[in-house]
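Peer 1: Structure file upload-v8.cif, mmCIF, C-alpha atoms, is pasted below:
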```
data_structure
loop_
_atom_site.group_PDB
_atom_site.id
_atom_site.type_symbol
_atom_site.label_atom_id
_atom_site.label_comp_id
_atom_site.auth_asym_id
_atom_site.auth_seq_id
_atom_site.Cartn_x
_atom_site.Cartn_y
_atom_site.Cartn_z
ATOM 1 C CA VAL A 1 116.486 -229.292 -82.735
ATOM 2 C CA GLN A 2 118.658 -229.312 -79.638
ATOM 3 C CA LEU A 3 118.662 -227.009 -76.619
ATOM 4 C CA VAL A 4 121.294 -227.344 -73.912
ATOM 5 C CA GLU A 5 121.211 -225.257 -70.746
ATOM 6 C CA SER A 6 124.153 -224.509 -68.468
ATOM 7 C CA GLY A 7 125.136 -222.193 -65.636
ATOM 8 C CA GLY A 8 122.981 -223.476 -62.813
ATOM 9 C CA GLY A 9 124.256 -224.158 -59.324
ATOM 10 C CA LEU A 10 123.991 -223.351 -55.642
ATOM 11 C CA VAL A 11 123.907 -219.680 -54.658
ATOM 12 C CA GLN A 12 123.133 -217.794 -51.470
ATOM 13 C CA PRO A 13 120.079 -215.544 -51.209
ATOM 14 C CA GLY A 14 120.833 -212.195 -52.773
ATOM 15 C CA GLY A 15 123.362 -213.714 -55.141
ATOM 16 C CA SER A 16 123.470 -213.900 -58.930
ATOM 17 C CA LEU A 17 123.732 -216.524 -61.643
ATOM 18 C CA ARG A 18 123.751 -216.389 -65.426
ATOM 19 C CA LEU A 19 122.153 -219.237 -67.309
ATOM 20 C CA SER A 20 122.922 -220.021 -70.950
ATOM 21 C CA CYS A 21 121.011 -222.048 -73.524
ATOM 22 C CA LEU A 22 122.859 -223.131 -76.649
ATOM 23 C CA ALA A 23 120.521 -223.905 -79.549
ATOM 24 C CA SER A 24 121.078 -225.876 -82.724
ATOM 25 C CA GLY A 25 119.138 -227.480 -85.547
ATOM 26 C CA PHE A 26 116.983 -224.505 -86.535
ATOM 27 C CA ALA A 27 117.286 -220.879 -87.691
ATOM 28 C CA PHE A 28 117.794 -219.469 -84.204
ATOM 29 C CA SER A 29 117.570 -215.776 -85.093
ATOM 30 C CA ARG A 30 114.057 -216.186 -86.514
ATOM 31 C CA TYR A 31 112.397 -217.513 -83.362
ATOM 32 C CA HIS A 32 111.323 -216.243 -79.991
ATOM 33 C CA MET A 33 113.097 -217.951 -77.095
ATOM 34 C CA SER A 34 111.779 -218.447 -73.585
ATOM 35 C CA TRP A 35 112.824 -219.618 -70.154
ATOM 36 C CA TYR A 36 110.545 -221.593 -67.858
ATOM 37 C CA ARG A 37 111.143 -223.107 -64.441
ATOM 38 C CA GLU A 38 109.735 -225.975 -62.435
ATOM 39 C CA ALA A 39 110.054 -226.236 -58.678
ATOM 40 C CA PRO A 40 109.473 -229.473 -56.741
ATOM 41 C CA GLY A 41 105.764 -230.100 -56.285
ATOM 42 C CA LYS A 42 104.782 -227.166 -58.484
ATOM 43 C CA GLU A 43 103.715 -226.739 -62.080
ATOM 44 C CA ARG A 44 106.137 -225.426 -64.654
ATOM 45 C CA GLU A 45 105.890 -221.649 -64.863
ATOM 46 C CA PHE A 46 106.858 -219.002 -67.394
ATOM 47 C CA VAL A 47 109.889 -216.872 -66.540
ATOM 48 C CA ALA A 48 110.812 -214.735 -69.543
ATOM 49 C CA THR A 49 110.721 -214.417 -73.342
ATOM 50 C CA VAL A 50 112.961 -212.609 -75.790
ATOM 51 C CA TYR A 51 111.535 -212.013 -79.247
ATOM 52 C CA SER A 52 113.412 -212.805 -82.410
ATOM 53 C CA ASN A 53 114.303 -209.140 -82.961
ATOM 54 C CA ALA A 54 115.939 -209.146 -79.492
ATOM 55 C CA GLY A 55 114.382 -205.755 -78.811
ATOM 56 C CA THR A 56 111.260 -207.035 -77.094
ATOM 57 C CA THR A 57 111.184 -208.965 -73.847
ATOM 58 C CA ASN A 58 108.516 -210.132 -71.459
ATOM 59 C CA TYR A 59 108.798 -211.279 -67.840
ATOM 60 C CA ALA A 60 106.767 -212.967 -65.175
ATOM 61 C CA ASP A 61 105.793 -210.586 -62.400
ATOM 62 C CA SER A 62 107.752 -212.671 -59.917
ATOM 63 C CA VAL A 63 111.086 -212.005 -61.651
ATOM 64 C CA ARG A 64 110.606 -208.615 -63.318
ATOM 65 C CA GLY A 65 113.297 -206.192 -62.210
ATOM 66 C CA ARG A 66 115.590 -208.995 -61.005
ATOM 67 C CA PHE A 67 116.061 -211.181 -64.103
ATOM 68 C CA THR A 68 117.179 -210.135 -67.581
ATOM 69 C CA ILE A 69 116.768 -212.256 -70.697
ATOM 70 C CA SER A 70 118.963 -211.629 -73.724
ATOM 71 C CA ARG A 71 120.194 -213.385 -76.828
ATOM 72 C CA ASP A 72 123.243 -213.516 -79.064
ATOM 73 C CA ASN A 73 122.121 -214.611 -82.505
ATOM 74 C CA ALA A 74 125.731 -214.976 -83.677
ATOM 75 C CA LYS A 75 126.272 -217.593 -80.971
ATOM 76 C CA ASN A 76 122.821 -219.214 -81.135
ATOM 77 C CA THR A 77 122.542 -218.618 -77.428
ATOM 78 C CA VAL A 78 119.928 -217.188 -75.091
ATOM 79 C CA TYR A 79 120.843 -216.019 -71.597
ATOM 80 C CA LEU A 80 119.071 -215.439 -68.319
ATOM 81 C CA GLN A 81 120.850 -213.117 -65.897
ATOM 82 C CA MET A 82 119.398 -213.658 -62.446
ATOM 83 C CA ASN A 83 120.118 -211.147 -59.693
ATOM 84 C CA SER A 84 118.841 -210.749 -56.136
ATOM 85 C CA LEU A 85 118.001 -214.424 -56.035
ATOM 86 C CA LYS A 86 115.518 -215.680 -53.471
ATOM 87 C CA PRO A 87 114.936 -219.171 -52.046
ATOM 88 C CA GLU A 88 111.656 -219.284 -53.971
ATOM 89 C CA ASP A 89 113.634 -219.049 -57.222
ATOM 90 C CA THR A 90 114.911 -222.585 -56.587
ATOM 91 C CA ALA A 91 113.874 -224.721 -59.566
ATOM 92 C CA VAL A 92 114.993 -226.485 -62.703
ATOM 93 C CA TYR A 93 115.269 -223.845 -65.414
ATOM 94 C CA SER A 94 114.655 -224.845 -69.030
ATOM 95 C CA CYS A 95 114.752 -222.978 -72.302
ATOM 96 C CA THR A 96 112.195 -223.587 -75.008
ATOM 97 C CA VAL A 97 111.356 -222.687 -78.584
ATOM 98 C CA ARG A 98 108.157 -223.166 -80.524
ATOM 99 C CA LEU A 99 108.605 -224.381 -84.053
ATOM 100 C CA TRP A 100 104.903 -224.627 -84.702
ATOM 101 C CA PRO A 101 103.221 -226.883 -83.854
ATOM 102 C CA THR A 102 105.941 -228.380 -81.682
ATOM 103 C CA ASP A 103 107.511 -226.978 -78.519
ATOM 104 C CA TYR A 104 111.096 -228.065 -77.966
ATOM 105 C CA TRP A 105 112.691 -228.129 -74.532
ATOM 106 C CA GLY A 106 116.158 -228.534 -73.140
ATOM 107 C CA PRO A 107 116.839 -230.936 -70.247
ATOM 108 C CA GLY A 108 117.153 -228.025 -67.813
ATOM 109 C CA THR A 109 119.678 -226.805 -65.282
ATOM 110 C CA GLN A 110 119.174 -226.834 -61.514
ATOM 111 C CA VAL A 111 119.254 -223.559 -59.615
ATOM 112 C CA THR A 112 119.268 -223.778 -55.830
ATOM 113 C CA VAL A 113 119.102 -220.655 -53.681
ATOM 114 C CA SER A 114 119.965 -221.472 -50.093
ATOM 115 C CA SER A 115 122.161 -220.296 -47.254
#
```
Just give me the structure as structure tokens.

Peer 2:
Amino acid sequence: VQLVESGGGLVQPGGSLRLSCLASGFAFSRYHMSWYREAPGKEREFVATVYSNAGTTNYADSVRGRFTISRDNAKNTVYLQMNSLKPEDTAVYSCTVRLWPTDYWGPGTQVTVSS
């Protein structure tokens, strides 16, 4: 199993970024995919999940209405569209999949929101 994130960077408050996570080594379309983030000095926190059917999503309260998670099963890729970014969104963002009983994680991509 391999997960590789991309799309992070430096953006001004109010700006947008789209993160991608390319997956391989498992039957991508059959599994729920999630994004988490970890800010310096803080615990890793849940951001969003997209279910295997792609029709059901779930978001943390802190990002609901600003972030959108989606997936393209033909490309084995999950996305996180982030709009109206705030300085408190600064973190390393990682995608994850649970192939029970193991959780697999990508190395993450840094998102920095600063003027």

Peer 1: Around (126.1, -225.2, -58.9) in the file's own coordinates, what residues are found within 10 Å if you use all atoms listed in the file, given back as a list of chain:residue names?

Peer 2: A:Ser6, A:Gly7, A:Gly8, A:Gly9, A:Leu10, A:Val11, A:Leu17, A:Thr109, A:Gln110, A:Val111, A:Thr112, A:Val113

Peer 1: Please write as an mmCIF file with C-alpha atoms, in the frame of the given file the full residue list that the PyMOL selection byres ((chain A and resi 37-53) around 8) yields on this file.

Peer 2:
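File produced: selection21.cif:
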```cif
data_model
loop_
_atom_site.group_PDB
_atom_site.id
_atom_site.type_symbol
_atom_site.label_atom_id
_atom_site.label_comp_id
_atom_site.auth_asym_id
_atom_site.auth_seq_id
_atom_site.Cartn_x
_atom_site.Cartn_y
_atom_site.Cartn_z
ATOM 1 C CA SER A 29 117.570 -215.776 -85.093
ATOM 2 C CA ARG A 30 114.057 -216.186 -86.514
ATOM 3 C CA TYR A 31 112.397 -217.513 -83.362
ATOM 4 C CA HIS A 32 111.323 -216.243 -79.991
ATOM 5 C CA MET A 33 113.097 -217.951 -77.095
ATOM 6 C CA SER A 34 111.779 -218.447 -73.585
ATOM 7 C CA TRP A 35 112.824 -219.618 -70.154
ATOM 8 C CA TYR A 36 110.545 -221.593 -67.858
ATOM 9 C CA ALA A 54 115.939 -209.146 -79.492
ATOM 10 C CA GLY A 55 114.382 -205.755 -78.811
ATOM 11 C CA THR A 56 111.260 -207.035 -77.094
ATOM 12 C CA THR A 57 111.184 -208.965 -73.847
ATOM 13 C CA ASN A 58 108.516 -210.132 -71.459
ATOM 14 C CA TYR A 59 108.798 -211.279 -67.840
ATOM 15 C CA ALA A 60 106.767 -212.967 -65.175
ATOM 16 C CA VAL A 63 111.086 -212.005 -61.651
ATOM 17 C CA ILE A 69 116.768 -212.256 -70.697
ATOM 18 C CA SER A 70 118.963 -211.629 -73.724
ATOM 19 C CA ARG A 71 120.194 -213.385 -76.828
ATOM 20 C CA THR A 90 114.911 -222.585 -56.587
ATOM 21 C CA ALA A 91 113.874 -224.721 -59.566
ATOM 22 C CA VAL A 92 114.993 -226.485 -62.703
ATOM 23 C CA TYR A 93 115.269 -223.845 -65.414
ATOM 24 C CA SER A 94 114.655 -224.845 -69.030
#
```

Peer 1: Point out the residue among A:Asn73, A:Ser114, A:Gln81, A:Thr68 with the least atom-to-atom distance to Ala23 (chain A), counting only C-alpha atoms.

Peer 2: A:Asn73

Peer 1: Using all atoms listed in the file, which of A:Thr77, A:Gln2, A:Ser115, A:Ser84 sits nearest Leu19 (chain A)?

Peer 2: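 Of all the options, A:Thr77 lies closest to Leu19 (chain A).
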
Peer 1: Just how far from CA of Gln12 (chain A) is CA of Gly106 (chain A), in Å to one decimal?

Peer 2: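 Taking CA of Gly106 (chain A) and CA of Gln12 (chain A), their separation equals 25.2 Å.
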
Peer 1: Which residue, A:Arg64, A:Tyr104, A:Pro13, A:Glu5, has the smallest gap to Phe26 (chain A) when you use all atoms listed in the file?

Peer 2: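 So, comparing all the options, the nearest one is A:Tyr104.
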
Peer 1: For a test of reading the model, state the distance in Å between CA of Lys75 (chain A) and CA of Asp89 (chain A), rounded to one decimal.

Peer 2: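 It comes out at 26.9 Å.
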
Peer 1: Could you work out how far CA of Lys86 (chain A) lies from CA of Arg98 (chain A), giving the answer in Å with one decimal?

Peer 2: 29.0 Å

Peer 1: Which residue out of A:Val4, A:Glu88, A:Thr102, A:Ala74 has the minimum interatomic distance to Ala27 (chain A) when all atoms listed in the file are used?

Peer 2: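 With all atoms listed in the file as the atom set, the closest residue is A:Ala74.
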
Peer 1: Between A:Leu85, A:Leu99, A:Cys21, A:Leu80, which has the minimum distance to Leu3 (chain A) (counting all atoms listed in the file)?

Peer 2: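 Among the listed residues, the smallest separation from Leu3 (chain A) belongs to A:Cys21.
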
Peer 1: Distance cut-off 7 Å, centre (122.2, -210.3, -57.5) in file coordinates, counting only C-alpha atoms: which residues qualify? Return them as a PyMOL selection string.

Peer 2: chain A and resi 14-16+82-85

Peer 1: What does the file look like for those residues with C-alpha atoms, as a compact mmCIF listing (two decimals), keeping the file's coordinate frame?

Peer 2:
```txt
# COMPACT_ATOMS: atom_id res chain seq x y z
CA GLY A 14 120.83 -212.20 -52.77
CA GLY A 15 123.36 -213.71 -55.14
CA SER A 16 123.47 -213.90 -58.93
CA MET A 82 119.40 -213.66 -62.45
CA ASN A 83 120.12 -211.15 -59.69
CA SER A 84 118.84 -210.75 -56.14
CA LEU A 85 118.00 -214.42 -56.04
```

Peer 1: Got a minute to add all heavy atoms to region 39-50 of chain A and dump it as a JSON list (two decimals), in the frame of the given file?

Peer 2:
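Below you can see result_29.json, which holds the result:
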```
[["chain", "number", "residue", "atom", "x", "y", "z"],
["A", 39, "ALA", "N", 109.61, -225.95, -60.04],
["A", 39, "ALA", "CA", 110.05, -226.24, -58.68],
["A", 39, "ALA", "C", 109.42, -227.54, -58.20],
["A", 39, "ALA", "O", 108.36, -227.93, -58.70],
["A", 39, "ALA", "CB", 109.67, -225.09, -57.76],
["A", 40, "PRO", "N", 110.03, -228.21, -57.24],
["A", 40, "PRO", "CA", 109.47, -229.47, -56.74],
["A", 40, "PRO", "C", 108.05, -229.30, -56.25],
["A", 40, "PRO", "O", 107.75, -228.38, -55.48],
["A", 40, "PRO", "CB", 110.41, -229.84, -55.59],
["A", 40, "PRO", "CG", 111.69, -229.16, -55.92],
["A", 40, "PRO", "CD", 111.32, -227.88, -56.60],
["A", 41, "GLY", "N", 107.15, -230.15, -56.73],
["A", 41, "GLY", "CA", 105.76, -230.10, -56.28],
["A", 41, "GLY", "C", 104.93, -229.01, -56.91],
["A", 41, "GLY", "O", 103.76, -228.82, -56.53],
["A", 42, "LYS", "N", 105.51, -228.26, -57.84],
["A", 42, "LYS", "CA", 104.78, -227.17, -58.48],
["A", 42, "LYS", "C", 104.75, -227.37, -59.99],
["A", 42, "LYS", "O", 105.57, -228.08, -60.55],
["A", 42, "LYS", "CB", 105.43, -225.82, -58.15],
["A", 42, "LYS", "CG", 105.38, -225.46, -56.68],
["A", 42, "LYS", "CD", 105.94, -224.06, -56.45],
["A", 42, "LYS", "CE", 105.87, -223.66, -54.99],
["A", 42, "LYS", "NZ", 106.42, -222.28, -54.77],
["A", 43, "GLU", "N", 103.81, -226.68, -60.63],
["A", 43, "GLU", "CA", 103.72, -226.74, -62.08],
["A", 43, "GLU", "C", 104.81, -225.88, -62.70],
["A", 43, "GLU", "O", 105.28, -224.90, -62.11],
["A", 43, "GLU", "CB", 102.35, -226.25, -62.54],
["A", 43, "GLU", "CG", 101.20, -227.18, -62.14],
["A", 43, "GLU", "CD", 99.89, -226.74, -62.75],
["A", 43, "GLU", "OE1", 99.83, -225.69, -63.41],
["A", 43, "GLU", "OE2", 98.89, -227.47, -62.56],
["A", 44, "ARG", "N", 105.18, -226.24, -63.91],
["A", 44, "ARG", "CA", 106.14, -225.43, -64.65],
["A", 44, "ARG", "C", 105.55, -224.04, -64.86],
["A", 44, "ARG", "O", 104.36, -223.90, -65.19],
["A", 44, "ARG", "CB", 106.43, -226.07, -65.99],
["A", 44, "ARG", "CG", 107.44, -225.33, -66.86],
["A", 44, "ARG", "CD", 107.56, -226.03, -68.20],
["A", 44, "ARG", "NE", 108.30, -227.28, -68.10],
["A", 44, "ARG", "CZ", 108.33, -228.20, -69.06],
["A", 44, "ARG", "NH1", 107.64, -228.01, -70.17],
["A", 44, "ARG", "NH2", 109.02, -229.31, -68.91],
["A", 45, "GLU", "N", 106.39, -223.01, -64.70],
["A", 45, "GLU", "CA", 105.89, -221.65, -64.86],
["A", 45, "GLU", "C", 106.79, -220.84, -65.79],
["A", 45, "GLU", "O", 108.00, -221.04, -65.85],
["A", 45, "GLU", "CB", 105.77, -220.93, -63.51],
["A", 45, "GLU", "CG", 107.07, -220.67, -62.80],
["A", 45, "GLU", "CD", 106.90, -219.77, -61.58],
["A", 45, "GLU", "OE1", 105.84, -219.15, -61.42],
["A", 45, "GLU", "OE2", 107.86, -219.69, -60.78],
["A", 46, "PHE", "N", 106.16, -219.91, -66.49],
["A", 46, "PHE", "CA", 106.86, -219.00, -67.39],
["A", 46, "PHE", "C", 107.76, -218.06, -66.61],
["A", 46, "PHE", "O", 107.39, -217.57, -65.53],
["A", 46, "PHE", "CB", 105.83, -218.19, -68.18],
["A", 46, "PHE", "CG", 106.40, -217.03, -68.93],
["A", 46, "PHE", "CD1", 107.09, -217.22, -70.11],
["A", 46, "PHE", "CD2", 106.24, -215.74, -68.45],
["A", 46, "PHE", "CE1", 107.61, -216.15, -70.80],
["A", 46, "PHE", "CE2", 106.74, -214.66, -69.12],
["A", 46, "PHE", "CZ", 107.44, -214.86, -70.31],
["A", 47, "VAL", "N", 108.96, -217.81, -67.15],
["A", 47, "VAL", "CA", 109.89, -216.87, -66.54],
["A", 47, "VAL", "C", 110.08, -215.64, -67.42],
["A", 47, "VAL", "O", 109.88, -214.52, -66.99],
["A", 47, "VAL", "CB", 111.25, -217.54, -66.26],
["A", 47, "VAL", "CG1", 112.25, -216.53, -65.73],
["A", 47, "VAL", "CG2", 111.09, -218.70, -65.29],
["A", 48, "ALA", "N", 110.51, -215.87, -68.68],
["A", 48, "ALA", "CA", 110.81, -214.74, -69.54],
["A", 48, "ALA", "C", 110.87, -215.18, -71.00],
["A", 48, "ALA", "O", 111.14, -216.35, -71.29],
["A", 48, "ALA", "CB", 112.14, -214.10, -69.15],
["A", 49, "THR", "N", 110.62, -214.21, -71.90],
["A", 49, "THR", "CA", 110.72, -214.42, -73.34],
["A", 49, "THR", "C", 111.50, -213.28, -73.96],
["A", 49, "THR", "O", 111.35, -212.12, -73.56],
["A", 49, "THR", "CB", 109.32, -214.46, -73.99],
["A", 49, "THR", "OG1", 108.65, -215.64, -73.58],
["A", 49, "THR", "CG2", 109.42, -214.46, -75.51],
["A", 50, "VAL", "N", 112.33, -213.62, -74.95],
["A", 50, "VAL", "CA", 112.96, -212.61, -75.79],
["A", 50, "VAL", "C", 112.54, -212.88, -77.23],
["A", 50, "VAL", "O", 112.64, -214.01, -77.71],
["A", 50, "VAL", "CB", 114.50, -212.59, -75.62],
["A", 50, "VAL", "CG1", 115.13, -213.94, -75.95],
["A", 50, "VAL", "CG2", 115.12, -211.48, -76.47]]
```
